[in-house]
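Have a look at model_37.cif below; it lists mmCIF, C-alpha atoms.
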data_target
loop_
_atom_site.label_atom_id
_atom_site.label_comp_id
_atom_site.auth_asym_id
_atom_site.auth_seq_id
_atom_site.Cartn_x
_atom_site.Cartn_y
_atom_site.Cartn_z
CA MET A 1 -2.56 -36.82 29.21
CA LEU A 2 0.18 -38.22 27.06
CA GLY A 3 -2.12 -38.81 24.06
CA GLU A 4 -3.31 -35.21 24.15
CA ASP A 5 0.26 -33.91 24.32
CA ILE A 6 1.20 -35.93 21.23
CA ARG A 7 -1.93 -34.75 19.41
CA THR A 8 -1.23 -31.12 20.34
CA ARG A 9 2.39 -31.40 19.19
CA ARG A 10 1.31 -32.97 15.89
CA ILE A 11 -1.24 -30.21 15.29
CA ARG A 12 1.34 -27.55 16.09
CA LEU A 13 3.89 -29.22 13.77
CA GLN A 14 1.34 -29.35 10.92
CA GLN A 15 0.45 -25.72 11.52
CA LYS A 16 4.14 -24.81 11.45
CA LYS A 17 4.44 -26.50 8.04
CA ASP A 18 1.29 -24.73 6.80
CA ALA A 19 2.63 -21.41 8.06
CA ALA A 20 5.98 -21.91 6.30
CA GLU A 21 4.18 -22.72 3.05
CA LEU A 22 1.94 -19.66 3.39
CA LYS A 23 4.95 -17.44 4.08
CA SER A 24 6.68 -18.57 0.88
CA ARG A 25 3.73 -18.48 -1.54
CA PRO A 26 2.70 -14.87 -2.25
CA SER A 27 5.74 -13.62 -4.20
CA ALA A 28 4.28 -10.11 -4.56
CA LEU A 29 4.52 -9.74 -0.78
CA ASP A 30 7.60 -9.63 1.39
CA CYS A 31 6.45 -11.97 4.17
CA ARG A 32 8.51 -11.50 7.32
CA GLU A 33 7.75 -12.95 10.76
CA PHE A 34 4.69 -14.50 12.35
CA HIS A 35 3.13 -12.84 15.36
CA GLY A 36 0.97 -14.41 18.04
CA VAL A 37 -2.39 -13.56 19.54
CA ASP A 38 -0.62 -12.01 22.53
CA GLU A 39 1.00 -9.41 20.24
CA THR A 40 -2.35 -8.28 18.84
CA PRO A 41 -4.21 -5.53 20.72
CA PRO A 42 -7.40 -6.81 22.39
CA TRP A 43 -9.49 -4.16 20.63
CA VAL A 44 -8.86 -5.98 17.31
CA TYR A 45 -10.62 -9.11 18.58
CA GLU A 46 -13.43 -7.03 20.07
CA ALA A 47 -13.89 -5.29 16.70
CA ARG A 48 -13.93 -8.67 14.95
CA ARG A 49 -16.69 -9.91 17.25
CA GLU A 50 -18.70 -6.78 16.44
CA MET A 51 -18.20 -7.31 12.70
CA ASN A 52 -19.42 -10.90 13.00
CA ARG A 53 -22.75 -9.86 14.51
CA ALA A 54 -25.72 -10.29 12.22
CA ALA A 55 -26.79 -6.68 12.83
CA SER A 56 -23.45 -5.19 11.77
CA SER A 57 -23.36 -3.20 8.54
CA PRO A 58 -20.37 -3.41 6.20
CA ASP A 59 -18.45 -0.29 5.21
CA ALA A 60 -18.51 -1.47 1.58
CA SER A 61 -19.32 -4.50 -0.54
CA ALA A 62 -18.45 -5.87 -3.98
CA SER A 63 -20.47 -8.29 -6.05
CA ALA A 64 -18.98 -11.63 -7.00
CA GLU A 65 -18.78 -10.62 -10.67
CA ASN A 66 -16.30 -7.80 -9.87
CA ASP A 67 -12.56 -8.38 -9.56
CA VAL A 68 -12.70 -8.94 -5.81
CA ALA A 69 -8.91 -9.35 -5.42
CA LEU A 70 -8.27 -5.96 -7.05
CA TRP A 71 -10.95 -4.39 -4.83
CA ILE A 72 -9.38 -5.97 -1.72
CA GLU A 73 -5.93 -4.74 -2.76
CA ARG A 74 -7.18 -1.17 -3.22
CA LEU A 75 -8.99 -1.10 0.14
CA VAL A 76 -6.03 -2.57 2.03
CA ILE A 77 -3.63 0.02 0.57
CA GLU A 78 -6.11 2.84 1.32
CA ASN A 79 -6.75 1.71 4.90
CA VAL A 80 -3.64 0.00 6.28
CA THR A 81 -0.94 1.11 3.77
CA GLY A 82 1.74 -1.11 2.26
CA ARG A 83 2.91 -2.86 5.45
CA PHE A 84 0.48 -4.81 7.56
CA PHE A 85 -0.23 -7.95 9.52
CA LEU A 86 -2.19 -10.53 7.53
CA GLY A 87 -4.51 -12.88 9.41
CA THR A 88 -3.49 -16.42 8.50
CA GLY A 89 -6.27 -18.52 10.03
CA ILE A 90 -3.56 -20.71 11.60
CA GLU A 91 -4.08 -21.01 15.36
CA HIS A 92 -0.44 -20.97 16.48
CA PHE A 93 0.70 -18.52 13.76
CA PRO A 94 -2.27 -16.13 13.48
CA TRP A 95 -0.60 -13.02 12.01
CA LEU A 96 2.06 -12.64 9.31
CA ASP A 97 3.99 -9.37 8.99
CA CYS A 98 3.90 -8.41 5.29
CA GLN A 99 5.18 -5.61 3.05
CA VAL A 100 3.78 -5.08 -0.44
CA ARG A 101 6.39 -5.62 -3.19
CA GLU A 102 4.21 -5.19 -6.26
CA SER A 103 0.61 -5.03 -7.39
CA GLY A 104 -1.24 -8.28 -7.80
CA TRP A 105 -0.43 -9.48 -4.27
CA ALA A 106 -4.07 -9.68 -3.21
CA ALA A 107 -4.90 -12.16 -6.00
CA GLN A 108 -2.09 -14.39 -4.70
CA VAL A 109 -3.37 -14.14 -1.13
CA VAL A 110 -6.96 -14.88 -2.19
CA ARG A 111 -5.75 -17.99 -4.07
CA VAL A 112 -3.99 -19.22 -0.92
CA LEU A 113 -6.43 -18.16 1.84
CA GLY A 114 -9.70 -17.32 0.09
CA ALA A 115 -11.49 -13.97 0.32
CA ASP A 116 -12.25 -14.14 4.06
CA LEU A 117 -9.30 -11.99 5.08
CA MET A 118 -8.15 -9.86 8.02
CA PHE A 119 -5.51 -7.14 8.10
CA VAL A 120 -4.09 -5.01 10.92
CA SER A 121 -2.06 -1.92 10.11
CA HIS A 122 1.57 -2.11 11.13
CA ASP A 123 1.03 0.64 13.71
CA ARG A 124 -1.88 -1.48 15.06
CA LYS A 125 -4.36 1.42 14.79
CA THR A 126 -6.58 0.04 12.02
CA PHE A 127 -8.22 -3.36 11.53
CA ILE A 128 -10.01 -4.34 8.35
CA SER A 129 -11.80 -7.52 7.46
CA PHE A 130 -13.36 -9.06 4.37
CA TYR A 131 -16.09 -11.72 4.44
CA GLU A 132 -17.05 -13.66 1.35
CA GLU A 133 -20.78 -14.22 1.09
CA GLU A 134 -22.62 -16.17 -1.60
CA TYR A 135 -23.00 -13.28 -4.04
CA GLU A 136 -20.78 -10.56 -2.59
CA THR A 137 -17.75 -9.81 -0.44
CA LEU A 138 -18.21 -7.52 2.54
CA PHE A 139 -15.64 -5.04 3.88
CA PHE A 140 -15.47 -3.85 7.49
CA ARG A 141 -13.12 -1.30 9.04
CA ALA A 142 -12.40 -0.47 12.68
CA THR A 143 -9.90 1.84 14.33
CA ARG A 144 -8.32 1.64 17.73
CA PRO A 145 -10.48 3.33 20.35
CA ASN A 146 -9.02 6.50 21.85
CA GLN A 147 -6.75 5.72 24.77
CA ALA A 148 -7.70 7.55 27.98
#

The structure given in the file should be rewritten as structure tokens.
Amino acid sequence: MLGEDIRTRRIRLQQKKDAAELKSRPSALDCREFHGVDETPPWVYEARREMNRAASSPDASASAENDVALWIERLVIENVTGRFFLGTGIEHFPWLDCQVRESGWAAQVVRVLGADLMFVSHDRKTFISFYEEEYETLFFRATRPNQA
């Protein structure tokens, strides 16, 4: 349908603008290129589904009164190192290739995206996710299953 095509193009154009703004905002990160869903290993999405289950247990949590951005920054560096793919929440531009420039980058990302964040290591072997709850933020970690 013609109306649907126009709507889809408008949504994609708006998402492109949102993606460009996101890419330019966190100055403590070197934001490079966007990557699509097709470039992300399927196991990442399977792990995310598992993390979203009510019965899943987080690997760690931090209360709301702690400096959550600093905690996120430390866990990202420990688990996926200084270069990673950041989940954007933008349908047509879901992952942004980033390199840490300086400390304080996580506070900038949290200001832009909130504390519900996803990261994939640059080698695509580790996926970590943060979920902001009412009184705490939860951390989950998954690694690529062994390849047979």

Next item on the list: Using only C-alpha atoms, determine which residues lie at most 10 Å from Asp18 of chain A, disregarding the query and same-chain residues fewer than 6 positions distant; provide the list as a list in words.
Entry: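 So, after excluding close chain neighbours, the residues are Arg12, Thr88, Ile90 and Phe93 of chain A.
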
Check: Taking into account all atoms listed in the file, which residue in the set A:Gly82, A:Pro58, A:Gly104, A:Gly87 is nearest to Phe140 of chain A?
Finding: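 Of A:Gly82, A:Pro58, A:Gly104, A:Gly87, the one nearest Phe140 of chain A, counting all atoms listed in the file, is A:Pro58.
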
Notebook entry, point to check: Of the residues A:Ala20, A:Val37, A:Leu29, A:Ala60, which is the one nearest to Val109 of chain A, using all atoms listed in the file?
Noted result: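 The closest residue to Val109 of chain A is A:Leu29.
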
Next item on the list: Return as a ChimeraX atom specification the set of residues that the PyMOL selection byres ((chain A and resi 81) around 12) yields on the displayed structure.
Entry: /A:73-80,82-85,98-100,119-128

Margin query: So that I can check the surroundings of Ser63 of chain A, please list as a ChimeraX atom specification every protein, DNA and RNA residue that reaches within 7 Å of it, counting only C-alpha atoms and ignoring chain neighbours fewer than 2 positions away.
Written below: /A:61,65-66,135-137

Serialized selection, C-alpha atoms, as a short mmCIF file (atom, residue, chain, number, x, y, z; two decimals), in the frame of the given file:
data_model
loop_
_atom_site.label_atom_id
_atom_site.label_comp_id
_atom_site.auth_asym_id
_atom_site.auth_seq_id
_atom_site.Cartn_x
_atom_site.Cartn_y
_atom_site.Cartn_z
CA SER A 61 -19.32 -4.50 -0.54
CA GLU A 65 -18.78 -10.62 -10.67
CA ASN A 66 -16.30 -7.80 -9.87
CA TYR A 135 -23.00 -13.28 -4.04
CA GLU A 136 -20.78 -10.56 -2.59
CA THR A 137 -17.75 -9.81 -0.44
#

Check: If you count only C-alpha atoms, which residues fall within 9 Å of Ala107 of chain A, apart from same-chain ones fewer than 5 positions away, as a list in words?
Finding: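 The residues satisfying every condition are Pro26, Val68, Ala69, Leu70, Ile72, Glu73 and Val112 of chain A.
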
Checklist line | Given only C-alpha atoms as the counted atoms, nearest of A:Arg48, A:Arg141, A:Lys17, A:Arg111 to His92 of chain A | finding: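 Answer, going by the shortest atom-to-atom distance: A:Lys17.
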
Checklist line | Residue nearest Ser57 of chain A among A:Trp71, A:Tyr45, A:Tyr131, A:Trp95 (counting only C-alpha atoms) | finding: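 So, comparing all the options, the nearest one is A:Tyr131.
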
Margin query: For a test of reading the model, state the distance in Å between atom CA of Pro145 of chain A and atom CA of Asp59 of chain A, rounded to one decimal.
Written below: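 Taking atom CA of Pro145 of chain A and atom CA of Asp59 of chain A, their separation equals 17.5 Å.
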
Next item on the list: Have a look at atom CA of Glu39 of chain A and atom CA of Arg10 of chain A and let me know their distance in Å, one decimal.
Entry: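 So the answer is 24.0 Å.
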
Next item on the list: Record the distance separating atom CA of Ala54 of chain A and atom CA of Ser129 of chain A, expressed in Å with one decimal.
Entry: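 Computing it gives 15.0 Å between the two atoms.
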
Padding of 5 Å on every side, edges along x, y and z, all listed atoms of segment 138-143 of chain A included: what centre and edge lengths in Å, to one decimal, does that box have, as lines of an AutoDock Vina configuration file?
center_x = -14.1
center_y = -2.8
center_z = 8.4
size_x = 18.3
size_y = 19.4
size_z = 21.8

Note to self: Considering only C-alpha atoms, can you say which of A:Cys31, A:Ala62, A:Ile6, A:Leu13 comes closest to Trp105 of chain A?
What the structure shows: A:Cys31

Check: Of the candidates A:Ser27, A:Arg53, A:Ala19, A:Gly89, which shows the shortest atom-to-atom distance to Ala106 of chain A, using all atoms listed in the file?
Finding: A:Ser27
